[in-house]
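The block underneath contains the structure these notes are about, expressed in structure tokens.
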Amino acid sequence: MSLLVVGSVAFDSVQTPTATRENVIGGSAVYFSYAASYFNPVRLVGVVGEDWPEEHTSMLQQRQVDMAGLQIVPGSETFRWSGKYLPNMNDRETLEVHLNVFGDFDPIVPEDFKNSPYVFLANGSPVVQMKVLEQVDNPQLVVADTMDLWIREFHDELLELLEKVDGLVLNDSEAKLFTGEENLIKAGHKILSMGPRFVIVKKGEHGAMFFSEEQTYVLPAYPTSEVVDPTGAGDSFAGGMMGYLAEKEAHDIESLREALAYGTLVASYNVEDFSLDRMQQIERKELDERFATYKKMLNLG
Ligand code: AMP
């Protein structure tokens, strides 16, 4: 089933306690698309400047990512983000954000993307997220992501968006910032009362929490000791989750639980190297194998 994503397409520069990478391919829509492409084709809506190499576009096209919605703006530069991880590899500091062409992004959903039943509004301004939503005809499942920058600067727009989405994905510190609650259970329920049918709070190496009217639960992260670069963990989690749902053509509570597990596993691979490097080495088979191990790990019976 068709899956559309809008989000950032970026050059990232990342410092970890042991290594540094400059100007590697990144961005919320990129991580999301690569992760979702293990399960289902993706339609990407985004923007880049003329410094964007054609090879990046063709690499994604080879992964069943339809790039017809990528605007290339002449005379402009692509969004750039740089961050530095603390020794615990969980907390990070944003060193620089140059929104560049992403700052004035006016998204245009191509005509043949408008019927997409599954939509992911990846990390980006809630104004852009809303503009995309307005161009899609009757989607079945809309999930959004957000982050501290947008929570601080576009709070009201985010509240408006929440009335129109089925799910929200955000990390623990963002959930606290957004709600003013220190207790994550309270924070999750508070966001639920703002409109979405479910809320997923990501907790990095501690996994993810799911909140809905019917269920609240925690899924642990897959225990990998190879954490090289956590950038994109959240987006690849969301990509795995939405890709699985789109493939299964379902979004009932049980399918959501399986989808969260697959999201967790794609993210667990993604953090094993910089940029898309680790994901580029694996196939669906590796995900299914890790899924079997993960299931055994959780078996309480
Ligand atoms: P994650 O580690 O899942 O939070 O995602 C990191 C990715 O988000 C990086 O590839 C960045 O390029 C991208 N990113 C960072 N800040 C923003 C922002 N304000 N809006 C959209 N994307 C961002």
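The way I read the labels, and the way they are meant: chains A, B, ... in the order of the structure tokens, residue 1 as the first residue of every chain, and ligand 1 as the first ligand shown, with later ones counted on from there.
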
Mind dumping a table of every chain A residue within 6 Å of ligand 1, with the nearest atom pair and its distance in Å to one decimal, using only C-alpha atoms and all ligand atoms, sorted by chain and rising number, as a tab-separated table?
residue	atom	partner	partner_atom_place_in_ligand_line	distance
A:Ser8	CA	ligand 1	22 (N)	4.8
A:Ala10	CA	ligand 1	12 (O)	4.9
A:Asp12	CA	ligand 1	12 (O)	5.4
A:Gly26	CA	ligand 1	10 (O)	3.8
A:Gly27	CA	ligand 1	10 (O)	3.5
A:Ser28	CA	ligand 1	8 (O)	4.6
A:Trp81	CA	ligand 1	12 (O)	5.1
A:Asn123	CA	ligand 1	21 (C)	4.5
A:Gly124	CA	ligand 1	20 (N)	4.2
A:Leu149	CA	ligand 1	19 (N)	5.9
A:Thr231	CA	ligand 1	2 (O)	3.6
A:Gly232	CA	ligand 1	3 (O)	3.4
A:Ala233	CA	ligand 1	3 (O)	4.5
A:Gly234	CA	ligand 1	3 (O)	3.4
A:Asp235	CA	ligand 1	3 (O)	4.3

Could you please take those selected residues and save N, CA, C and O atoms as a PDB file, in the first residue's frame?
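Listed below is the output, again.pdb:
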ATOM      1  N   SER A   8      12.999  16.158   6.164  1.00  0.00           N
ATOM      2  CA  SER A   8      14.253  16.788   5.743  1.00  0.00           C
ATOM      3  C   SER A   8      15.101  15.825   4.926  1.00  0.00           C
ATOM      4  O   SER A   8      15.069  14.603   5.113  1.00  0.00           O
ATOM      5  N   ALA A  10      19.124  15.889   3.976  1.00  0.00           N
ATOM      6  CA  ALA A  10      20.183  16.699   4.585  1.00  0.00           C
ATOM      7  C   ALA A  10      21.595  16.188   4.335  1.00  0.00           C
ATOM      8  O   ALA A  10      21.805  15.039   3.964  1.00  0.00           O
ATOM      9  N   ASP A  12      24.625  15.746   6.914  1.00  0.00           N
ATOM     10  CA  ASP A  12      24.883  15.730   8.355  1.00  0.00           C
ATOM     11  C   ASP A  12      26.388  15.679   8.625  1.00  0.00           C
ATOM     12  O   ASP A  12      27.138  15.027   7.882  1.00  0.00           O
ATOM     13  N   GLY A  26      21.883  12.407   5.070  1.00  0.00           N
ATOM     14  CA  GLY A  26      21.024  12.246   6.242  1.00  0.00           C
ATOM     15  C   GLY A  26      19.704  12.948   6.013  1.00  0.00           C
ATOM     16  O   GLY A  26      19.314  13.211   4.873  1.00  0.00           O
ATOM     17  N   GLY A  27      19.043  13.268   7.102  1.00  0.00           N
ATOM     18  CA  GLY A  27      17.733  13.908   7.018  1.00  0.00           C
ATOM     19  C   GLY A  27      16.644  12.922   7.395  1.00  0.00           C
ATOM     20  O   GLY A  27      16.771  11.721   7.160  1.00  0.00           O
ATOM     21  N   SER A  28      15.590  13.461   7.998  1.00  0.00           N
ATOM     22  CA  SER A  28      14.535  12.585   8.513  1.00  0.00           C
ATOM     23  C   SER A  28      13.867  11.782   7.405  1.00  0.00           C
ATOM     24  O   SER A  28      13.607  10.586   7.566  1.00  0.00           O
ATOM     25  N   TRP A  81      22.860  19.788   9.069  1.00  0.00           N
ATOM     26  CA  TRP A  81      22.751  19.614  10.518  1.00  0.00           C
ATOM     27  C   TRP A  81      24.048  19.023  11.033  1.00  0.00           C
ATOM     28  O   TRP A  81      24.647  18.172  10.370  1.00  0.00           O
ATOM     29  N   ASN A 123      10.174  14.516  10.773  1.00  0.00           N
ATOM     30  CA  ASN A 123      10.639  15.716  11.454  1.00  0.00           C
ATOM     31  C   ASN A 123      10.814  16.897  10.505  1.00  0.00           C
ATOM     32  O   ASN A 123      11.575  16.832   9.546  1.00  0.00           O
ATOM     33  N   GLY A 124      10.100  17.947  10.811  1.00  0.00           N
ATOM     34  CA  GLY A 124      10.137  19.157  10.013  1.00  0.00           C
ATOM     35  C   GLY A 124       9.137  20.117  10.626  1.00  0.00           C
ATOM     36  O   GLY A 124       8.466  19.768  11.609  1.00  0.00           O
ATOM     37  N   LEU A 149      13.033  21.876  18.460  1.00  0.00           N
ATOM     38  CA  LEU A 149      12.995  23.149  17.730  1.00  0.00           C
ATOM     39  C   LEU A 149      11.557  23.545  17.395  1.00  0.00           C
ATOM     40  O   LEU A 149      11.137  24.689  17.596  1.00  0.00           O
ATOM     41  N   THR A 231      22.515   8.677  15.107  1.00  0.00           N
ATOM     42  CA  THR A 231      21.749   9.599  14.256  1.00  0.00           C
ATOM     43  C   THR A 231      20.789   8.822  13.357  1.00  0.00           C
ATOM     44  O   THR A 231      21.183   7.850  12.719  1.00  0.00           O
ATOM     45  N   GLY A 232      19.558   9.291  13.331  1.00  0.00           N
ATOM     46  CA  GLY A 232      18.568   8.658  12.463  1.00  0.00           C
ATOM     47  C   GLY A 232      17.880   7.473  13.107  1.00  0.00           C
ATOM     48  O   GLY A 232      17.040   6.826  12.469  1.00  0.00           O
ATOM     49  N   ALA A 233      18.207   7.195  14.375  1.00  0.00           N
ATOM     50  CA  ALA A 233      17.558   6.054  15.034  1.00  0.00           C
ATOM     51  C   ALA A 233      16.038   6.259  15.047  1.00  0.00           C
ATOM     52  O   ALA A 233      15.272   5.352  14.721  1.00  0.00           O
ATOM     53  N   GLY A 234      15.627   7.475  15.383  1.00  0.00           N
ATOM     54  CA  GLY A 234      14.185   7.758  15.468  1.00  0.00           C
ATOM     55  C   GLY A 234      13.507   7.643  14.112  1.00  0.00           C
ATOM     56  O   GLY A 234      12.418   7.083  13.986  1.00  0.00           O
ATOM     57  N   ASP A 235      14.155   8.144  13.094  1.00  0.00           N
ATOM     58  CA  ASP A 235      13.556   8.130  11.751  1.00  0.00           C
ATOM     59  C   ASP A 235      13.559   6.721  11.158  1.00  0.00           C
ATOM     60  O   ASP A 235      12.628   6.333  10.457  1.00  0.00           O
TER      61      ASP A 235
END

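Shell of A:Ile282 at 10 Å, with only C-alpha atoms counted and residues fewer than 2 places along the chain excluded, is Tyr38, Val266, Tyr269, Asn270, Asp277, Arg278, Met279, Gln280, Arg284, Lys285, Glu286 and Leu287 of chain A.
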
Let's have the selection written as a PDB file, in the first residue's frame, with N, CA and C atoms.
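Heads up, here's the output in part.pdb:
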ATOM      1  N   TYR A  38      12.647  -1.585   3.157  1.00  0.00           N
ATOM      2  CA  TYR A  38      12.777  -3.037   3.348  1.00  0.00           C
ATOM      3  C   TYR A  38      11.419  -3.726   3.220  1.00  0.00           C
ATOM      4  N   VAL A 266      14.998  -2.199  12.928  1.00  0.00           N
ATOM      5  CA  VAL A 266      15.682  -1.430  11.869  1.00  0.00           C
ATOM      6  C   VAL A 266      16.589  -0.393  12.541  1.00  0.00           C
ATOM      7  N   TYR A 269      19.868  -1.751  13.777  1.00  0.00           N
ATOM      8  CA  TYR A 269      20.907  -1.874  12.740  1.00  0.00           C
ATOM      9  C   TYR A 269      21.468  -0.499  12.382  1.00  0.00           C
ATOM     10  N   ASN A 270      20.550   0.462  12.246  1.00  0.00           N
ATOM     11  CA  ASN A 270      20.996   1.791  11.794  1.00  0.00           C
ATOM     12  C   ASN A 270      22.103   2.383  12.675  1.00  0.00           C
ATOM     13  N   ASP A 277      25.156   3.729   6.275  1.00  0.00           N
ATOM     14  CA  ASP A 277      26.140   2.687   5.956  1.00  0.00           C
ATOM     15  C   ASP A 277      25.722   1.281   6.378  1.00  0.00           C
ATOM     16  N   ARG A 278      25.225   1.160   7.600  1.00  0.00           N
ATOM     17  CA  ARG A 278      24.881  -0.192   8.084  1.00  0.00           C
ATOM     18  C   ARG A 278      23.610  -0.703   7.395  1.00  0.00           C
ATOM     19  N   MET A 279      22.645   0.180   7.229  1.00  0.00           N
ATOM     20  CA  MET A 279      21.409  -0.271   6.578  1.00  0.00           C
ATOM     21  C   MET A 279      21.698  -0.722   5.146  1.00  0.00           C
ATOM     22  N   GLN A 280      22.693  -0.106   4.537  1.00  0.00           N
ATOM     23  CA  GLN A 280      23.008  -0.484   3.158  1.00  0.00           C
ATOM     24  C   GLN A 280      23.606  -1.883   3.054  1.00  0.00           C
ATOM     25  N   ARG A 284      16.174  -7.619   4.079  1.00  0.00           N
ATOM     26  CA  ARG A 284      14.998  -7.953   4.892  1.00  0.00           C
ATOM     27  C   ARG A 284      15.254  -9.214   5.752  1.00  0.00           C
ATOM     28  N   LYS A 285      16.017 -10.148   5.166  1.00  0.00           N
ATOM     29  CA  LYS A 285      16.313 -11.411   5.857  1.00  0.00           C
ATOM     30  C   LYS A 285      16.925 -11.159   7.241  1.00  0.00           C
ATOM     31  N   GLU A 286      17.872 -10.226   7.316  1.00  0.00           N
ATOM     32  CA  GLU A 286      18.525  -9.928   8.597  1.00  0.00           C
ATOM     33  C   GLU A 286      17.498  -9.377   9.607  1.00  0.00           C
ATOM     34  N   LEU A 287      16.562  -8.591   9.099  1.00  0.00           N
ATOM     35  CA  LEU A 287      15.540  -8.030   9.992  1.00  0.00           C
ATOM     36  C   LEU A 287      14.649  -9.138  10.537  1.00  0.00           C
TER      37      LEU A 287
END

Taking the DSSP assignment computed from this structure's backbone, write out as a VMD selection string all residues of stretch 88-256 of chain A that belong to strand (DSSP E or B).
-> chain A and resid 92 to 98 118 to 121 141 to 145 167 to 171 198 to 202 208 to 212 216 to 219

Let's have the selection written as an mmCIF file, in the first residue's frame, with C-alpha atoms.
data_model
loop_
_atom_site.group_PDB
_atom_site.id
_atom_site.type_symbol
_atom_site.label_atom_id
_atom_site.label_comp_id
_atom_site.auth_asym_id
_atom_site.auth_seq_id
_atom_site.Cartn_x
_atom_site.Cartn_y
_atom_site.Cartn_z
ATOM 1 C CA ARG A 92 23.449 14.662 21.897
ATOM 2 C CA GLU A 93 24.047 18.304 21.419
ATOM 3 C CA THR A 94 23.084 20.005 18.169
ATOM 4 C CA LEU A 95 26.105 22.022 17.103
ATOM 5 C CA GLU A 96 24.679 23.722 14.015
ATOM 6 C CA VAL A 97 21.473 23.779 12.012
ATOM 7 C CA HIS A 98 21.446 25.529 8.640
ATOM 8 C CA TYR A 118 -0.235 5.839 4.567
ATOM 9 C CA VAL A 119 1.465 9.129 5.365
ATOM 10 C CA PHE A 120 4.423 9.928 7.585
ATOM 11 C CA LEU A 121 5.114 13.553 8.430
ATOM 12 C CA LEU A 141 -3.118 6.435 8.590
ATOM 13 C CA VAL A 142 -1.222 9.642 9.295
ATOM 14 C CA VAL A 143 1.666 9.646 11.758
ATOM 15 C CA ALA A 144 3.851 12.653 12.585
ATOM 16 C CA ASP A 145 7.229 13.144 14.223
ATOM 17 C CA GLY A 167 -0.246 9.022 15.715
ATOM 18 C CA LEU A 168 2.639 11.091 17.059
ATOM 19 C CA VAL A 169 6.195 9.858 17.520
ATOM 20 C CA LEU A 170 8.625 11.874 19.641
ATOM 21 C CA ASN A 171 11.447 11.230 22.052
ATOM 22 C CA PHE A 198 -1.741 6.759 19.670
ATOM 23 C CA VAL A 199 1.528 8.258 20.873
ATOM 24 C CA ILE A 200 4.956 6.652 20.732
ATOM 25 C CA VAL A 201 7.656 7.989 23.016
ATOM 26 C CA LYS A 202 11.163 6.902 21.982
ATOM 27 C CA ALA A 208 9.910 2.900 23.106
ATOM 28 C CA MET A 209 6.628 3.439 24.944
ATOM 29 C CA PHE A 210 3.244 3.103 23.289
ATOM 30 C CA PHE A 211 0.143 4.939 24.479
ATOM 31 C CA SER A 212 -3.430 4.549 23.265
ATOM 32 C CA THR A 216 0.046 1.351 27.245
ATOM 33 C CA TYR A 217 3.254 -0.668 27.016
ATOM 34 C CA VAL A 218 7.017 -0.451 26.733
ATOM 35 C CA LEU A 219 9.143 -2.276 24.166
#

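For the choices A:Met130, A:Leu162, A:Leu4, A:Leu192, the atom-to-atom distance to A:Val65 is smallest for A:Leu4 when using only C-alpha atoms.
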
Name the residues in contact with A:Leu298 at a cut-off of 10 Å, using only C-alpha atoms, excluding same-chain residues fewer than 4 positions from it; report them as an NGL selection string.
-> :A and (219-220 or 293-294)

Stretch 193-262 of chain A residues near stretch 17-20 of chain A within 12 Å, closest pair each, using only C-alpha atoms, as a Markdown table:
| residue | atom | partner | partner_atom | distance |
| --- | --- | --- | --- | --- |
| A:Val227 | CA | A:Thr18 | CA | 11.2 |
| A:Val228 | CA | A:Ala19 | CA | 8.5 |
| A:Asp229 | CA | A:Ala19 | CA | 9.1 |

Those residues you just picked out, can you put them in a file as an mmCIF file, in the first residue's frame with N, CA, C and O atoms?
data_model
loop_
_atom_site.group_PDB
_atom_site.id
_atom_site.type_symbol
_atom_site.label_atom_id
_atom_site.label_comp_id
_atom_site.auth_asym_id
_atom_site.auth_seq_id
_atom_site.Cartn_x
_atom_site.Cartn_y
_atom_site.Cartn_z
ATOM 1 N N VAL A 227 27.129 0.371 19.139
ATOM 2 C CA VAL A 227 26.525 1.663 18.840
ATOM 3 C C VAL A 227 27.612 2.618 18.347
ATOM 4 O O VAL A 227 28.447 3.076 19.111
ATOM 5 N N VAL A 228 27.583 2.881 17.051
ATOM 6 C CA VAL A 228 28.609 3.719 16.436
ATOM 7 C C VAL A 228 28.105 5.148 16.236
ATOM 8 O O VAL A 228 28.807 6.116 16.508
ATOM 9 N N ASP A 229 26.849 5.262 15.758
ATOM 10 C CA ASP A 229 26.263 6.589 15.524
ATOM 11 C C ASP A 229 24.735 6.493 15.623
ATOM 12 O O ASP A 229 24.098 5.926 14.740
#

Near-A:Ala68 list (9 Å; only C-alpha atoms; drop same-chain fewer than 6 positions) as JSON, numbers by chain | {"A": [43, 44, 45, 110, 113]}

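Atom CA of A:Val128 is positioned 7.2 Å from atom CA of A:Phe105.
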
Excluding same-chain residues fewer than 4 positions from A:Lys164, what lies within 8 Å of it counting only C-alpha atoms, as a ChimeraX atom specification?
-> /A:160,195-196

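For the set A:Ile108, A:Val48, A:Ala35, A:Val271, the residue with the smallest atom-to-atom gap to A:Phe11 is A:Val48, counting only C-alpha atoms.
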
Using only C-alpha atoms, which residues sit within 8 Å of A:Arg63 once same-chain residues fewer than 2 positions away are excluded, as number ranges by chain?
-> A: 34, 37, 41, 59-61, 65

Nearby residues (only C-alpha atoms) at most 9 Å from stretch 182-184 of chain A, same-chain spacing under 3 positions excluded, as JSON, numbers by chain = {"A": [172, 173, 175, 176, 177, 179, 187, 188, 189, 201, 209]}

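For the pair atom CA of A:Asn40 and atom CA of A:Met241, the separation is 10.8 Å.
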
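Counting from atom CA of A:Ser275, the distance to atom CA of A:Tyr244 is 21.7 Å.
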
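Counting only C-alpha atoms, the residue from A:Ala36, A:Ile253, A:Val132, A:Leu86 that sits nearest to A:Gly7 is A:Val132.
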
How would you write, as an MDAnalysis selection string, the set of residues in stretch 56-223 of chain A that DSSP gives as helix (DSSP H, G or I)?
-> chainID A and resid 56:61 100:104 111:113 126:135 148:153 155:162 172:179 184:192 204:206
